[in-house]
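*Asks:* My file is run.txt. It has compact mmCIF, C-alpha atoms and all ligand atoms:
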```txt
# COMPACT_ATOMS: atom_id res chain seq x y z
CA MET A 1 90.90 5.07 97.17
CA ASN A 2 88.33 4.11 99.79
CA GLU A 3 87.50 1.02 97.84
CA LEU A 4 91.18 0.04 97.83
CA LEU A 5 91.38 0.48 101.58
CA GLU A 6 88.38 -1.76 102.01
CA ASN A 7 89.60 -4.29 99.49
CA PRO A 8 93.38 -4.07 99.13
CA VAL A 9 94.87 -5.77 96.06
CA PHE A 10 98.41 -6.94 95.45
CA GLU A 11 99.21 -4.53 92.60
CA PRO A 12 96.70 -1.65 92.36
CA MET A 13 98.53 -0.24 89.32
CA ARG A 14 98.53 -3.57 87.45
CA PRO A 15 95.16 -5.18 88.20
CA LYS A 16 95.12 -7.28 85.01
CA ARG A 17 98.02 -9.36 86.30
CA HIS A 18 95.75 -10.71 89.03
CA LEU A 19 92.48 -12.50 89.45
CA HIS A 20 89.47 -10.26 89.71
CA LEU A 21 87.65 -12.70 91.97
CA VAL A 22 88.55 -16.03 93.55
CA GLN A 23 86.08 -18.90 93.24
CA THR A 24 85.43 -20.50 96.62
CA SER A 25 82.94 -23.10 97.82
CA PHE A 26 81.00 -20.23 99.38
CA GLY A 27 80.85 -18.09 96.25
CA ASP A 28 83.18 -15.65 94.51
CA ARG A 29 85.28 -13.41 96.74
CA GLU A 30 87.68 -10.48 96.35
CA ILE A 31 91.23 -11.62 97.11
CA TYR A 32 91.53 -9.73 100.42
CA ASP A 33 88.12 -10.97 101.52
CA SER A 34 89.12 -14.53 100.68
CA ILE A 35 92.39 -14.24 102.63
CA ALA A 36 90.72 -12.52 105.60
CA HIS A 37 88.30 -15.43 105.97
CA CYS A 38 91.15 -17.54 107.39
CA ASN A 39 90.44 -17.59 111.13
CA ARG A 40 93.86 -19.12 111.98
CA CYS A 41 92.32 -22.28 113.47
CA GLY A 42 95.22 -24.41 112.20
CA ARG A 43 93.11 -27.38 111.12
CA CYS A 44 94.89 -27.40 107.76
CA MET A 45 98.41 -27.65 109.23
CA GLN A 46 98.51 -31.41 109.72
CA VAL A 47 97.75 -32.14 106.04
CA CYS A 48 100.16 -29.60 104.49
CA PRO A 49 103.22 -31.43 103.14
CA SER A 50 105.58 -28.46 103.37
CA TYR A 51 104.59 -27.74 106.99
CA ARG A 52 104.87 -31.39 108.01
CA LEU A 53 108.38 -31.53 106.59
CA THR A 54 109.70 -28.27 107.99
CA GLY A 55 107.52 -27.54 111.02
CA LEU A 56 107.72 -23.87 110.07
CA GLU A 57 104.65 -21.68 110.46
CA THR A 58 105.69 -19.73 107.35
CA HIS A 59 105.54 -22.99 105.36
CA SER A 60 102.00 -23.78 106.50
CA PRO A 61 98.68 -22.75 104.91
CA ARG A 62 97.84 -20.63 107.95
CA GLY A 63 101.24 -18.93 107.76
CA ARG A 64 100.87 -18.29 104.03
CA ASN A 65 97.45 -16.74 104.51
CA GLN A 66 98.78 -14.51 107.27
CA ILE A 67 101.71 -13.45 105.11
CA ALA A 68 99.30 -12.59 102.28
CA ARG A 69 97.15 -10.56 104.65
CA PHE A 70 100.12 -8.66 106.11
CA ILE A 71 101.39 -7.86 102.61
CA LEU A 72 98.02 -6.47 101.59
CA GLU A 73 97.85 -4.45 104.80
CA GLY A 74 101.33 -3.03 104.13
CA LYS A 75 102.95 -4.71 107.17
CA PHE A 76 105.19 -7.05 105.15
CA LYS A 77 107.16 -6.68 101.93
CA ILE A 78 106.54 -9.33 99.29
CA THR A 79 110.22 -9.31 98.34
CA GLU A 80 111.39 -10.53 101.79
CA PRO A 81 113.45 -13.73 101.32
CA SER A 82 111.34 -15.57 103.91
CA VAL A 83 108.18 -14.72 101.94
CA CYS A 84 109.73 -16.01 98.71
CA GLN A 85 110.75 -19.24 100.47
CA SER A 86 107.27 -19.67 101.86
CA LEU A 87 105.71 -19.24 98.42
CA ALA A 88 108.18 -21.49 96.61
CA SER A 89 107.67 -24.35 99.06
CA CYS A 90 103.90 -24.61 98.46
CA THR A 91 103.11 -27.59 96.23
CA LEU A 92 99.72 -26.04 95.26
CA CYS A 93 98.14 -29.37 96.19
CA GLY A 94 95.03 -27.82 97.72
CA ARG A 95 94.87 -30.33 100.57
CA CYS A 96 94.55 -27.42 103.00
CA THR A 97 91.38 -26.29 101.23
CA GLN A 98 89.88 -29.75 101.54
CA HIS A 99 90.46 -29.80 105.28
CA CYS A 100 89.47 -26.21 105.99
CA ALA A 101 85.92 -25.65 107.26
CA GLY A 102 85.85 -22.33 105.39
CA LYS A 103 87.36 -23.94 102.22
CA ILE A 104 89.97 -21.16 102.04
CA PRO A 105 91.73 -21.46 98.64
CA THR A 106 95.28 -21.01 99.97
CA ALA A 107 96.90 -22.29 96.76
CA GLU A 108 95.16 -19.48 94.85
CA HIS A 109 96.45 -16.93 97.39
CA VAL A 110 99.97 -18.30 96.93
CA LEU A 111 99.70 -17.95 93.14
CA GLU A 112 98.41 -14.38 93.51
CA MET A 113 101.48 -13.53 95.61
CA GLN A 114 103.76 -15.28 93.10
CA ARG A 115 102.30 -13.08 90.37
CA SER A 116 103.36 -10.00 92.34
CA VAL A 117 106.88 -11.32 92.80
CA GLY A 118 106.94 -11.98 89.06
CA LYS A 119 109.91 -14.35 89.25
CA LYS A 120 110.30 -17.18 86.76
CA ARG A 121 110.71 -20.28 88.85
CA LEU A 122 111.58 -22.96 86.31
CA PRO A 123 115.09 -23.14 84.77
CA VAL A 124 115.35 -20.29 82.24
CA LEU A 125 115.50 -22.43 79.08
CA LEU A 126 112.68 -24.67 80.18
CA GLN A 127 110.56 -21.63 81.00
CA PHE A 128 111.41 -20.15 77.59
CA LEU A 129 110.39 -23.36 75.82
CA PHE A 130 106.99 -23.45 77.49
CA GLU A 131 106.42 -19.74 76.94
CA LEU A 132 107.09 -20.33 73.26
CA ARG A 133 104.39 -22.96 72.90
CA PRO A 134 101.18 -20.88 72.69
CA GLN A 135 102.56 -18.61 69.95
CA HIS A 136 104.56 -21.21 68.05
CA PRO A 137 103.13 -24.67 68.77
CA VAL A 138 104.68 -26.22 65.65
CA LEU A 139 108.13 -24.91 66.56
CA PHE A 140 107.63 -26.16 70.13
CA LYS A 141 106.70 -29.62 68.85
CA SER A 142 109.74 -29.69 66.53
CA LEU A 143 112.10 -28.63 69.33
CA VAL A 144 110.74 -31.29 71.69
CA ARG A 145 111.03 -33.95 68.96
CA LEU A 146 114.57 -32.82 68.18
CA ALA A 147 115.55 -32.96 71.85
CA LEU A 148 114.07 -36.47 72.19
CA PHE A 149 115.85 -37.58 69.03
CA PHE A 150 119.23 -36.42 70.36
CA ARG A 151 118.60 -37.74 73.86
CA PRO A 152 120.44 -41.07 73.38
CA ALA A 153 123.47 -39.22 71.91
CA GLN A 154 126.52 -38.45 74.00
CA ILE A 155 126.19 -34.71 73.30
CA TRP A 156 123.06 -34.68 75.47
CA LYS A 157 125.05 -35.91 78.47
CA ILE A 158 127.87 -33.44 77.85
CA MET A 159 125.30 -30.65 77.97
CA TYR A 160 124.46 -31.54 81.60
CA PHE A 161 127.61 -29.72 82.60
CA LEU A 162 126.95 -26.49 80.69
CA PRO A 163 125.69 -23.58 82.79
CA GLY A 164 121.89 -23.45 82.70
CA PHE A 165 121.49 -27.01 81.35
CA SER A 166 121.75 -29.13 84.49
CA TRP A 167 117.96 -29.72 84.37
CA LEU A 168 118.55 -31.95 81.31
CA LYS A 169 119.97 -34.60 83.64
CA GLN A 170 116.86 -34.39 85.79
CA ILE A 171 114.64 -34.82 82.73
CA ASP A 172 116.74 -37.73 81.53
CA GLN A 173 116.23 -39.51 84.86
CA LEU A 174 112.49 -38.93 84.65
CA LEU A 175 111.88 -40.18 81.14
CA PRO A 176 111.56 -43.80 80.00
CA ALA A 177 114.47 -45.15 77.95
CA LYS A 178 112.48 -45.28 74.71
CA ILE A 179 109.74 -42.87 73.75
CA PHE A 180 107.47 -43.65 70.82
CA SER A 181 105.82 -41.02 68.67
CA LEU A 182 102.10 -40.53 69.24
CA ASP A 183 101.48 -39.90 65.54
CA LYS A 184 103.01 -43.30 64.68
CA MET A 185 101.11 -45.08 67.42
CA LEU A 186 97.83 -43.56 66.27
CA LYS A 187 98.48 -44.69 62.71
CA GLN A 188 98.90 -48.24 63.98
CA GLU A 189 95.51 -48.09 65.70
CA LYS A 190 92.70 -49.60 63.67
CA LYS A 191 90.24 -46.88 64.71
CA LEU A 192 91.72 -43.47 63.97
CA PRO A 193 90.18 -40.40 65.59
CA ASP A 194 87.32 -38.86 63.66
CA ASN A 195 87.90 -35.13 63.26
CA ASP A 196 84.79 -34.42 61.17
CA SER A 197 81.92 -36.04 62.94
CA PHE A 198 82.49 -36.55 66.64
CA GLN A 199 80.66 -36.79 69.96
CA VAL A 200 83.60 -36.11 72.24
CA ILE A 201 86.88 -34.16 72.01
CA TYR A 202 90.03 -35.47 73.60
CA ILE A 203 92.91 -33.10 74.44
CA PRO A 204 96.01 -35.11 75.37
CA SER A 205 98.14 -33.53 78.07
CA LEU A 206 101.65 -32.46 77.17
CA GLU A 207 103.18 -35.54 78.75
CA ALA A 208 100.66 -37.92 77.13
CA GLU A 209 101.38 -36.41 73.74
CA PHE A 210 105.16 -36.15 73.82
CA LEU A 211 106.51 -38.34 76.60
CA GLN A 212 104.03 -41.16 77.33
CA PRO A 213 101.90 -41.63 74.21
CA ASP A 214 100.56 -44.90 75.63
CA ILE A 215 98.37 -42.74 77.92
CA ALA A 216 96.92 -40.89 74.91
CA VAL A 217 96.35 -44.14 72.98
CA SER A 218 94.62 -45.80 75.96
CA SER A 219 92.46 -42.71 76.54
CA LEU A 220 91.46 -42.60 72.91
CA ARG A 221 90.63 -46.33 72.85
CA LEU A 222 88.49 -45.92 75.93
CA LEU A 223 86.60 -42.97 74.48
CA GLN A 224 86.13 -44.65 71.10
CA LYS A 225 84.44 -47.62 72.73
CA GLN A 226 81.42 -45.42 73.42
CA ASN A 227 81.73 -42.37 71.16
CA ARG A 228 83.11 -41.01 67.92
CA CYS A 229 86.10 -39.07 69.13
CA SER A 230 88.17 -36.17 67.83
CA ILE A 231 91.69 -35.52 69.11
CA TRP A 232 93.16 -32.01 69.49
CA THR A 233 96.90 -32.49 69.64
CA ASN A 234 99.49 -29.86 70.60
CA THR A 235 96.81 -27.67 72.16
CA PRO A 236 98.01 -25.43 74.99
CA CYS A 237 95.33 -24.57 77.55
CA GLY A 238 96.94 -21.83 79.68
CA LEU A 239 97.74 -23.96 82.73
CA PHE A 240 101.50 -23.46 82.46
CA GLU A 241 101.06 -19.66 82.33
CA TYR A 242 98.60 -19.80 85.24
CA VAL A 243 101.16 -21.46 87.50
CA TYR A 244 104.49 -20.22 86.19
CA GLY A 245 103.85 -17.25 83.97
CA ASP A 246 101.71 -14.23 83.38
CA LEU A 247 98.01 -14.44 84.11
CA ARG A 248 97.24 -12.24 81.10
CA GLN A 249 98.91 -14.80 78.84
CA SER A 250 97.05 -17.62 80.58
CA ARG A 251 93.78 -15.81 79.85
CA ARG A 252 94.78 -15.31 76.19
CA VAL A 253 95.60 -18.99 75.70
CA LEU A 254 92.46 -20.19 77.44
CA ARG A 255 90.32 -17.70 75.53
CA ARG A 256 91.72 -19.07 72.27
CA LEU A 257 90.83 -22.59 73.34
CA ILE A 258 87.29 -21.55 74.30
CA GLN A 259 86.86 -19.73 70.97
CA ARG A 260 88.07 -22.77 69.06
CA TYR A 261 85.65 -24.95 71.01
CA ASN A 262 82.74 -22.59 70.33
CA HIS A 263 83.66 -22.37 66.66
CA VAL A 264 83.85 -26.15 66.20
CA CYS A 265 80.97 -27.23 68.45
CA THR A 266 77.56 -25.81 67.71
CA SER A 267 76.06 -27.90 70.52
CA PRO A 268 77.67 -29.00 73.83
CA VAL A 269 80.34 -31.67 73.32
CA PRO A 270 82.34 -33.18 76.21
CA LEU A 271 85.99 -32.10 76.26
CA VAL A 272 88.12 -34.76 77.90
CA THR A 273 91.62 -34.59 79.39
CA ASP A 274 93.90 -37.29 80.85
CA SER A 275 95.57 -34.99 83.39
CA LEU A 276 93.83 -34.03 86.60
CA ASP A 277 95.97 -30.87 86.74
CA VAL A 278 94.57 -29.77 83.38
CA TYR A 279 91.05 -30.77 84.41
CA HIS A 280 91.17 -28.66 87.58
CA PHE A 281 92.54 -25.69 85.68
CA LEU A 282 89.94 -25.84 82.89
CA LYS A 283 87.20 -26.07 85.50
CA LYS A 284 88.50 -22.73 86.78
CA ALA A 285 87.85 -21.00 83.44
CA PRO A 286 85.05 -18.78 84.85
CA GLN A 287 87.43 -17.55 87.56
CA LEU A 288 89.86 -16.22 84.97
CA PHE A 289 87.21 -14.19 83.18
CA ALA A 290 85.17 -13.00 86.17
CA GLY A 291 83.93 -9.46 85.61
CA LYS A 292 83.97 -9.76 81.79
CA ASN A 293 80.32 -10.49 81.11
CA ARG A 294 80.33 -12.13 77.70
CA LEU A 295 83.56 -14.07 78.23
CA ALA A 296 82.52 -15.13 81.72
CA ALA A 297 79.31 -16.65 80.37
CA GLN A 298 81.23 -18.49 77.62
CA ALA A 299 83.81 -19.71 80.15
CA GLU A 300 81.02 -20.97 82.40
CA GLN A 301 79.48 -23.01 79.57
CA PHE A 302 82.90 -24.26 78.48
CA ALA A 303 83.85 -25.40 82.01
CA GLN A 304 80.65 -27.42 82.27
CA GLN A 305 81.79 -29.52 79.30
CA VAL A 306 85.22 -30.35 80.76
CA HIS A 307 85.63 -33.97 81.90
CA PHE A 308 88.37 -36.19 83.24
CA ILE A 309 89.03 -39.47 81.45
CA THR A 310 87.88 -41.59 84.41
CA GLU A 311 84.33 -40.28 83.93
CA PHE A 312 84.25 -42.46 80.79
CA PHE A 313 85.25 -45.66 82.57
CA PRO A 314 82.85 -48.57 82.06
CA ALA A 315 80.63 -49.39 85.04
CA HIS A 316 82.44 -52.71 85.52
CA LEU A 317 86.23 -52.88 85.38
CA THR A 318 88.08 -56.14 84.74
CA PRO A 319 89.85 -57.45 87.90
CA LEU A 320 93.61 -56.93 87.89
CA LYS A 321 96.19 -59.72 87.71
CA SER A 322 97.38 -60.87 91.11
CA ASN A 323 100.98 -59.76 90.51
CA LEU A 324 99.75 -56.14 90.34
CA LEU A 325 98.07 -56.23 93.75
CA PRO A 326 97.66 -54.52 96.17
CA VAL A 327 96.87 -51.18 94.55
CA GLN A 328 97.27 -47.74 96.06
CA LEU A 329 96.13 -44.40 94.68
CA ASP A 330 98.39 -41.37 94.55
CA TYR A 331 96.18 -38.32 94.89
CA GLY A 332 98.86 -35.84 93.80
CA ALA A 333 97.32 -33.14 91.62
CA LEU A 334 97.24 -29.40 91.50
CA PHE A 335 94.56 -27.73 93.60
CA SER A 336 92.71 -30.70 95.09
CA ARG A 337 93.06 -34.09 96.73
CA GLU A 338 89.40 -34.95 96.63
CA SER A 339 88.07 -33.69 93.35
CA GLN A 340 84.84 -35.22 92.08
CA PRO A 341 86.27 -37.55 89.39
CA MET A 342 89.09 -38.65 91.67
CA MET A 343 86.71 -39.60 94.45
CA ALA A 344 84.35 -41.35 92.03
CA VAL A 345 87.09 -43.51 90.51
CA SER A 346 88.58 -44.16 93.92
CA GLU A 347 85.21 -45.63 95.01
CA GLN A 348 84.99 -47.66 91.78
CA ILE A 349 88.47 -49.13 92.25
CA LYS A 350 87.83 -49.77 95.92
CA THR A 351 84.70 -51.79 95.05
CA LEU A 352 86.58 -53.70 92.38
CA LEU A 353 89.63 -54.59 94.45
CA GLN A 354 88.15 -54.69 97.95
CA GLN A 355 90.86 -55.92 100.36
CA ASN A 356 93.51 -55.38 97.67
CA PHE A 357 92.85 -51.66 97.62
CA VAL A 358 95.05 -49.73 100.03
CA GLN A 359 93.19 -46.83 101.54
CA CYS A 360 95.37 -43.74 102.03
CA VAL A 361 94.83 -41.54 105.05
CA TYR A 362 94.81 -37.76 104.94
CA THR A 363 98.23 -37.44 106.54
CA ASP A 364 99.89 -39.59 103.84
CA PHE A 365 101.99 -37.68 101.35
CA ASP A 366 101.18 -37.35 97.61
CA THR A 367 103.51 -36.79 94.67
CA PRO A 368 104.13 -33.08 94.23
CA SER A 369 103.85 -32.52 90.53
CA PHE A 370 103.68 -29.93 87.80
CA GLY A 371 107.33 -28.93 87.90
CA TYR A 372 107.77 -28.86 91.69
CA SER A 373 110.90 -31.00 91.36
CA PHE A 374 112.44 -28.25 89.20
CA THR A 375 111.53 -25.44 91.55
CA LYS A 376 112.05 -27.04 94.96
CA GLY A 377 114.22 -30.07 94.34
CA ASN A 378 115.27 -30.92 97.92
CA GLN A 379 111.81 -30.62 99.36
CA ASN A 380 110.37 -32.59 96.45
CA GLU A 381 112.75 -35.46 97.20
CA SER A 382 111.80 -35.48 100.88
CA ILE A 383 108.07 -35.54 100.10
CA GLN A 384 108.54 -38.31 97.55
CA PHE A 385 110.62 -40.29 100.00
CA GLU A 386 107.87 -40.06 102.64
CA LEU A 387 105.36 -41.27 100.03
CA VAL A 388 107.58 -44.21 99.08
CA LYS A 389 107.86 -45.16 102.76
CA THR A 390 104.05 -45.42 102.89
CA ILE A 391 103.99 -47.48 99.69
CA ALA A 392 106.59 -49.86 101.08
CA ARG A 393 104.73 -50.12 104.39
CA ASN A 394 101.54 -51.04 102.49
CA ARG A 395 103.51 -53.42 100.24
CA ALA A 396 101.61 -51.91 97.33
CA LYS A 397 102.70 -53.13 93.90
CA THR A 398 100.76 -50.72 91.68
CA ILE A 399 100.29 -47.03 92.35
CA LEU A 400 97.58 -45.46 90.22
CA VAL A 401 98.22 -41.81 89.42
CA PHE A 402 96.07 -39.13 87.82
CA SER A 403 98.57 -37.49 85.50
CA GLY A 404 101.44 -38.70 83.35
CA LEU A 405 103.81 -36.31 85.06
CA ASN A 406 103.06 -37.88 88.44
CA ALA A 407 103.82 -41.32 86.99
CA LEU A 408 107.21 -40.09 85.76
CA GLU A 409 108.06 -38.36 89.04
CA LEU A 410 106.97 -41.23 91.26
CA ASN A 411 108.59 -43.95 89.15
CA LYS A 412 111.90 -42.15 89.39
CA THR A 413 111.77 -42.33 93.21
CA LEU A 414 110.38 -45.87 93.21
CA ARG A 415 113.22 -47.10 90.97
CA LYS A 416 115.67 -45.74 93.51
CA PHE A 417 114.08 -46.78 96.80
CA TYR A 418 111.35 -49.36 96.19
CA PRO A 419 111.55 -51.02 92.76
CA ALA A 420 108.91 -53.62 93.73
CA ALA A 421 106.21 -51.04 92.99
CA ARG A 422 105.36 -49.18 89.80
CA ALA A 423 103.28 -46.06 89.16
CA VAL A 424 100.88 -46.17 86.22
CA HIS A 425 98.30 -43.80 84.88
CA VAL A 426 94.78 -44.70 86.03
CA VAL A 427 93.50 -44.88 82.42
CA HIS A 428 95.39 -48.16 81.89
CA ILE A 429 93.18 -49.93 84.41
CA ALA A 430 90.14 -49.42 82.14
CA ASP A 431 92.03 -50.07 78.91
CA GLU A 432 93.38 -53.31 80.41
CA THR A 433 96.89 -52.46 79.32
CA LEU A 434 98.39 -52.90 82.78
S1 LIG B 501 93.15 -21.98 106.08
FE1 LIG B 501 91.26 -22.76 107.02
S2 LIG B 501 91.92 -24.49 108.28
FE2 LIG B 501 93.74 -23.29 107.80
S3 LIG B 501 94.00 -21.88 109.53
FE3 LIG B 501 92.82 -20.80 107.97
S4 LIG B 501 90.67 -21.19 108.49
FE4 LIG B 501 91.88 -22.69 109.63
S1 LIG B 502 98.37 -26.02 98.78
FE1 LIG B 502 99.33 -27.82 99.75
S2 LIG B 502 101.46 -27.16 100.16
FE2 LIG B 502 100.27 -25.31 99.74
S3 LIG B 502 99.60 -24.58 101.73
FE3 LIG B 502 97.97 -25.91 100.98
S4 LIG B 502 98.42 -27.96 101.78
FE4 LIG B 502 100.27 -26.71 102.01
```
Can you present the structure in this file as structure tokens?
Ligand code: SF4
Ligand code: SF4
*Replies:*
Amino acid sequence: MNELLENPVFEPMRPKRHLHLVQTSFGDREIYDSIAHCNRCGRCMQVCPSYRLTGLETHSPRGRNQIARFILEGKFKITEPSVCQSLASCTLCGRCTQHCAGKIPTAEHVLEMQRSVGKKRLPVLLQFLFELRPQHPVLFKSLVRLALFFRPAQIWKIMYFLPGFSWLKQIDQLLPAKIFSLDKMLKQEKKLPDNDSFQVIYIPSLEAEFLQPDIAVSSLRLLQKQNRCSIWTNTPCGLFEYVYGDLRQSRRVLRRLIQRYNHVCTSPVPLVTDSLDVYHFLKKAPQLFAGKNRLAAQAEQFAQQVHFITEFFPAHLTPLKSNLLPVQLDYGALFSRESQPMMAVSEQIKTLLQQNFVQCVYTDFDTPSFGYSFTKGNQNESIQFELVKTIARNRAKTILVFSGLNALELNKTLRKFYPAARAVHVVHIADETL
């Protein structure tokens, strides 16, 4: 009891639904300790997209940390509508952490509170589909293929109007008109992945595998230039469950991935992803298993082998065609604006393009991704609109993004408000497929 008073937790009776410790730049902390380190200085406010749009303290990182603290101290109820609004409006971008002297991981605090609320935030059927994937990946793949096959048919459009299916329209607007199958595209490649003897493993993100296979093909080509590469398709990693579902399930899925990796690789082999969201999550593997000695050690070793595709870029990139210039980066990604690979590639592109590289400032908006448009549609549109205003002001023609989902989200807004620019995944700059 005393220990709980010293270190309150969100659900004392259900501790497994929550993180045991939060990883911070200053070491691992208990959740209350991590929240209590916020000294309310407000330095993070000016970079928080939801605060800048609404001006509400409850929609700021400082406000969210105070709400979390009051809940743990029993002064606030987590079910209050204003608390739910505050949580739902966070894009989990992690920009506040970057700008905080104490590197307070506010996005992690928000997720911990979401886990207590326990609400499913995506449309029910979409949530169901993603929850199905870890247990039945083949069924998931078949259902996605079936949906894509029927997409051009009129029945798809009729379904927009059925209760619970309106999100289909949103998906339709996001997706390109024609989507090729990754399996077919890989067969057309002269160098197929080598699943027996390999030096690097590539896990395509969900969007690269099912919606934009050109990202997966470019990533594979890039990796095969230097290494023998194996591809692990239809491999869930636990990120969806971490953000939208049950933490216990996220741990199960990630544990399975780590076990598969350990089973297949007797010595360290780089594991590469094309999505910065996935990269940041996999790097958090030790956080999920903190307190479980053997698993924590395995997760630590596993996380060290996780890489983002840009880390395999050649030292010298080919200059871009003039009709693609100037170039701007969109830093939208879960958990961080200035992650190591993002900053490294940003420097590389800056050196390559020089005056044709548009430097973003910290108050510029980024694309909120990873399903934010399905959970907070109005706010998502406003943030995207602010971003497009910056793109238009910079007269940028190409916006490089760090996940396929960001490319889809941003291109939808660009088509509507600024069709002169186009968002493309950063991997295409190295594969010269721009
Ligand atoms: S999160 Fe950091 S920057 Fe923001 S108010 Fe707290 S201490 Fe200050
Ligand atoms: S993660 Fe992003 S949206 Fe959430 S509080 Fe921090 S800056 Fe604001």
*Asks:* Out of A:Met45, A:Val9, A:Cys96, A:Met185, which residue has the shortest atom-to-atom distance to Glu73 in chain A when counting all atoms listed in the file?
*Replies:*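 For Glu73 in chain A, the nearest of the candidates is A:Val9.
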*Asks:* Looking at all atoms listed in the file, which of A:Val327, A:Ile35, A:Leu126, A:Ile215 is the one that sits closest to ligand LIG 501 (chain B)?
*Replies:* A:Ile35
*Asks:* Counting only C-alpha atoms and all ligand atoms, what are the residues, protein, DNA or RNA alike, that approach ligand LIG 502 (chain B) to within 9 Å? I want them as a PyMOL selection string.
*Replies:* chain A and resi 44-52+59-65+87+89-99+105-108+110+334-336+368
*Asks:* Give me, as a PyMOL selection string, all polymer residues having an atom no more than 12 Å from Lys157 in chain A, counting only C-alpha atoms and skipping those fewer than 6 positions away in the same chain.
*Replies:* chain A and resi 147+150-151+165-173
*Asks:* Determine the nearest neighbour of ligand LIG 501 (chain B) from the options A:Ile104, A:Thr24, A:Pro12, A:Leu206, counting all atoms listed in the file.
*Replies:*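 The shortest atom-to-atom distance to ligand LIG 501 (chain B) comes from A:Ile104.
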*Asks:* Taking 6 positions as the minimum chain separation for residues in the same chain, which residues sit within 9 Å of Phe370 in chain A when counting only C-alpha atoms? Answer as number ranges by chain.
*Replies:* A: 91, 240, 243, 277, 333-334, 405-406
*Asks:* Which residues, protein or nucleic acid, reach to within 12 Å of (92.1, -50.2, 99.0) in the file's coordinates when using all atoms listed in the file, and can you give that as a list in words?
*Replies:*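 The answer, in the requested form, is Leu325, Pro326, Val327, Gln328, Leu329, Asp330, Val345, Ser346, Glu347, Gln348, Ile349, Lys350, Thr351, Leu352, Leu353, Gln354, Gln355, Asn356, Phe357, Val358, Gln359, Cys360, Val361, Asn394, Arg395, Ala396, Thr398, Ile399 and Leu400 of chain A.
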*Asks:* Using Å and a single decimal, report how far CA of Ala36 in chain A sits from atom FE4 of ligand LIG 501 (chain B).
*Replies:*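 According to the coordinates, atom FE4 of ligand LIG 501 (chain B) and CA of Ala36 in chain A are separated by 11.0 Å.
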*Asks:* To one decimal place in Å, what is the distance between atom S2 of ligand LIG 501 (chain B) and CA of Arg393 in chain A?
*Replies:* 28.9 Å
*Asks:* Nearest to ligand LIG 501 (chain B) among A:Gln226, A:Gln287, A:Asn262, A:Gln66, with distances taken over only C-alpha atoms and all ligand atoms: which residue is it?
*Replies:* A:Gln66
*Asks:* For Arg121 in chain A, list every protein, DNA or RNA residue within 9 Å, evaluated using only C-alpha atoms, and leave out those in the same chain fewer than 6 positions away; present the list as an MDAnalysis selection string.
*Replies:* chainID A and resid 88 127 244:245 374:375
*Asks:* So that I have them on file, write out the residues from the current selection with C-alpha atoms, as an mmCIF file, keeping the file's coordinate frame.
*Replies:*
```cif
data_model
loop_
_atom_site.group_PDB
_atom_site.id
_atom_site.type_symbol
_atom_site.label_atom_id
_atom_site.label_comp_id
_atom_site.auth_asym_id
_atom_site.auth_seq_id
_atom_site.Cartn_x
_atom_site.Cartn_y
_atom_site.Cartn_z
ATOM 1 C CA ALA A 88 108.180 -21.490 96.610
ATOM 2 C CA GLN A 127 110.560 -21.630 81.000
ATOM 3 C CA TYR A 244 104.490 -20.220 86.190
ATOM 4 C CA GLY A 245 103.850 -17.250 83.970
ATOM 5 C CA PHE A 374 112.440 -28.250 89.200
ATOM 6 C CA THR A 375 111.530 -25.440 91.550
#
```
*Asks:* Which residues come within 10 Å of Pro193 in chain A, counting only C-alpha atoms, excluding same-chain residues fewer than 4 positions away, as a PDB file with C-alpha atoms, in the coordinates of the input?
*Replies:*
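around.pdb was written with the following content:
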```pdb
ATOM      1  CA  LEU A 186      97.830 -43.560  66.270  1.00  0.00           C
ATOM      2  CA  LYS A 187      98.480 -44.690  62.710  1.00  0.00           C
ATOM      3  CA  GLU A 189      95.510 -48.090  65.700  1.00  0.00           C
ATOM      4  CA  SER A 197      81.920 -36.040  62.940  1.00  0.00           C
ATOM      5  CA  PHE A 198      82.490 -36.550  66.640  1.00  0.00           C
ATOM      6  CA  ILE A 201      86.880 -34.160  72.010  1.00  0.00           C
ATOM      7  CA  TYR A 202      90.030 -35.470  73.600  1.00  0.00           C
ATOM      8  CA  LEU A 220      91.460 -42.600  72.910  1.00  0.00           C
ATOM      9  CA  ARG A 221      90.630 -46.330  72.850  1.00  0.00           C
ATOM     10  CA  LEU A 223      86.600 -42.970  74.480  1.00  0.00           C
ATOM     11  CA  GLN A 224      86.130 -44.650  71.100  1.00  0.00           C
ATOM     12  CA  ARG A 228      83.110 -41.010  67.920  1.00  0.00           C
ATOM     13  CA  CYS A 229      86.100 -39.070  69.130  1.00  0.00           C
ATOM     14  CA  SER A 230      88.170 -36.170  67.830  1.00  0.00           C
ATOM     15  CA  ILE A 231      91.690 -35.520  69.110  1.00  0.00           C
ATOM     16  CA  TRP A 232      93.160 -32.010  69.490  1.00  0.00           C
TER      17      TRP A 232
END
```
*Asks:* Cys237 in chain A: which residues within 12 Å, counting only C-alpha atoms, same-chain residues fewer than 2 positions away excluded, as a ChimeraX atom specification?
*Replies:* /A:130,133-134,137,203-206,232-235,239-243,249-261,273,275,277-285
*Asks:* Give me, please, the distance in Å between CA of Phe149 in chain A and CA of Lys178 in chain A, quoted to one decimal.
*Replies:*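 Distance reported for this atom pair: 10.1 Å.
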*Asks:* Range 66-82 of chain A, all listed atoms, 8 Å padding on each side: what axis-aligned box centre and edge lengths in Å to one decimal come out, as lines of an AutoDock Vina configuration file?
*Replies:*
```
center_x = 105.3
center_y = -9.3
center_z = 102.8
size_x = 32.3
size_y = 28.5
size_z = 24.9
```
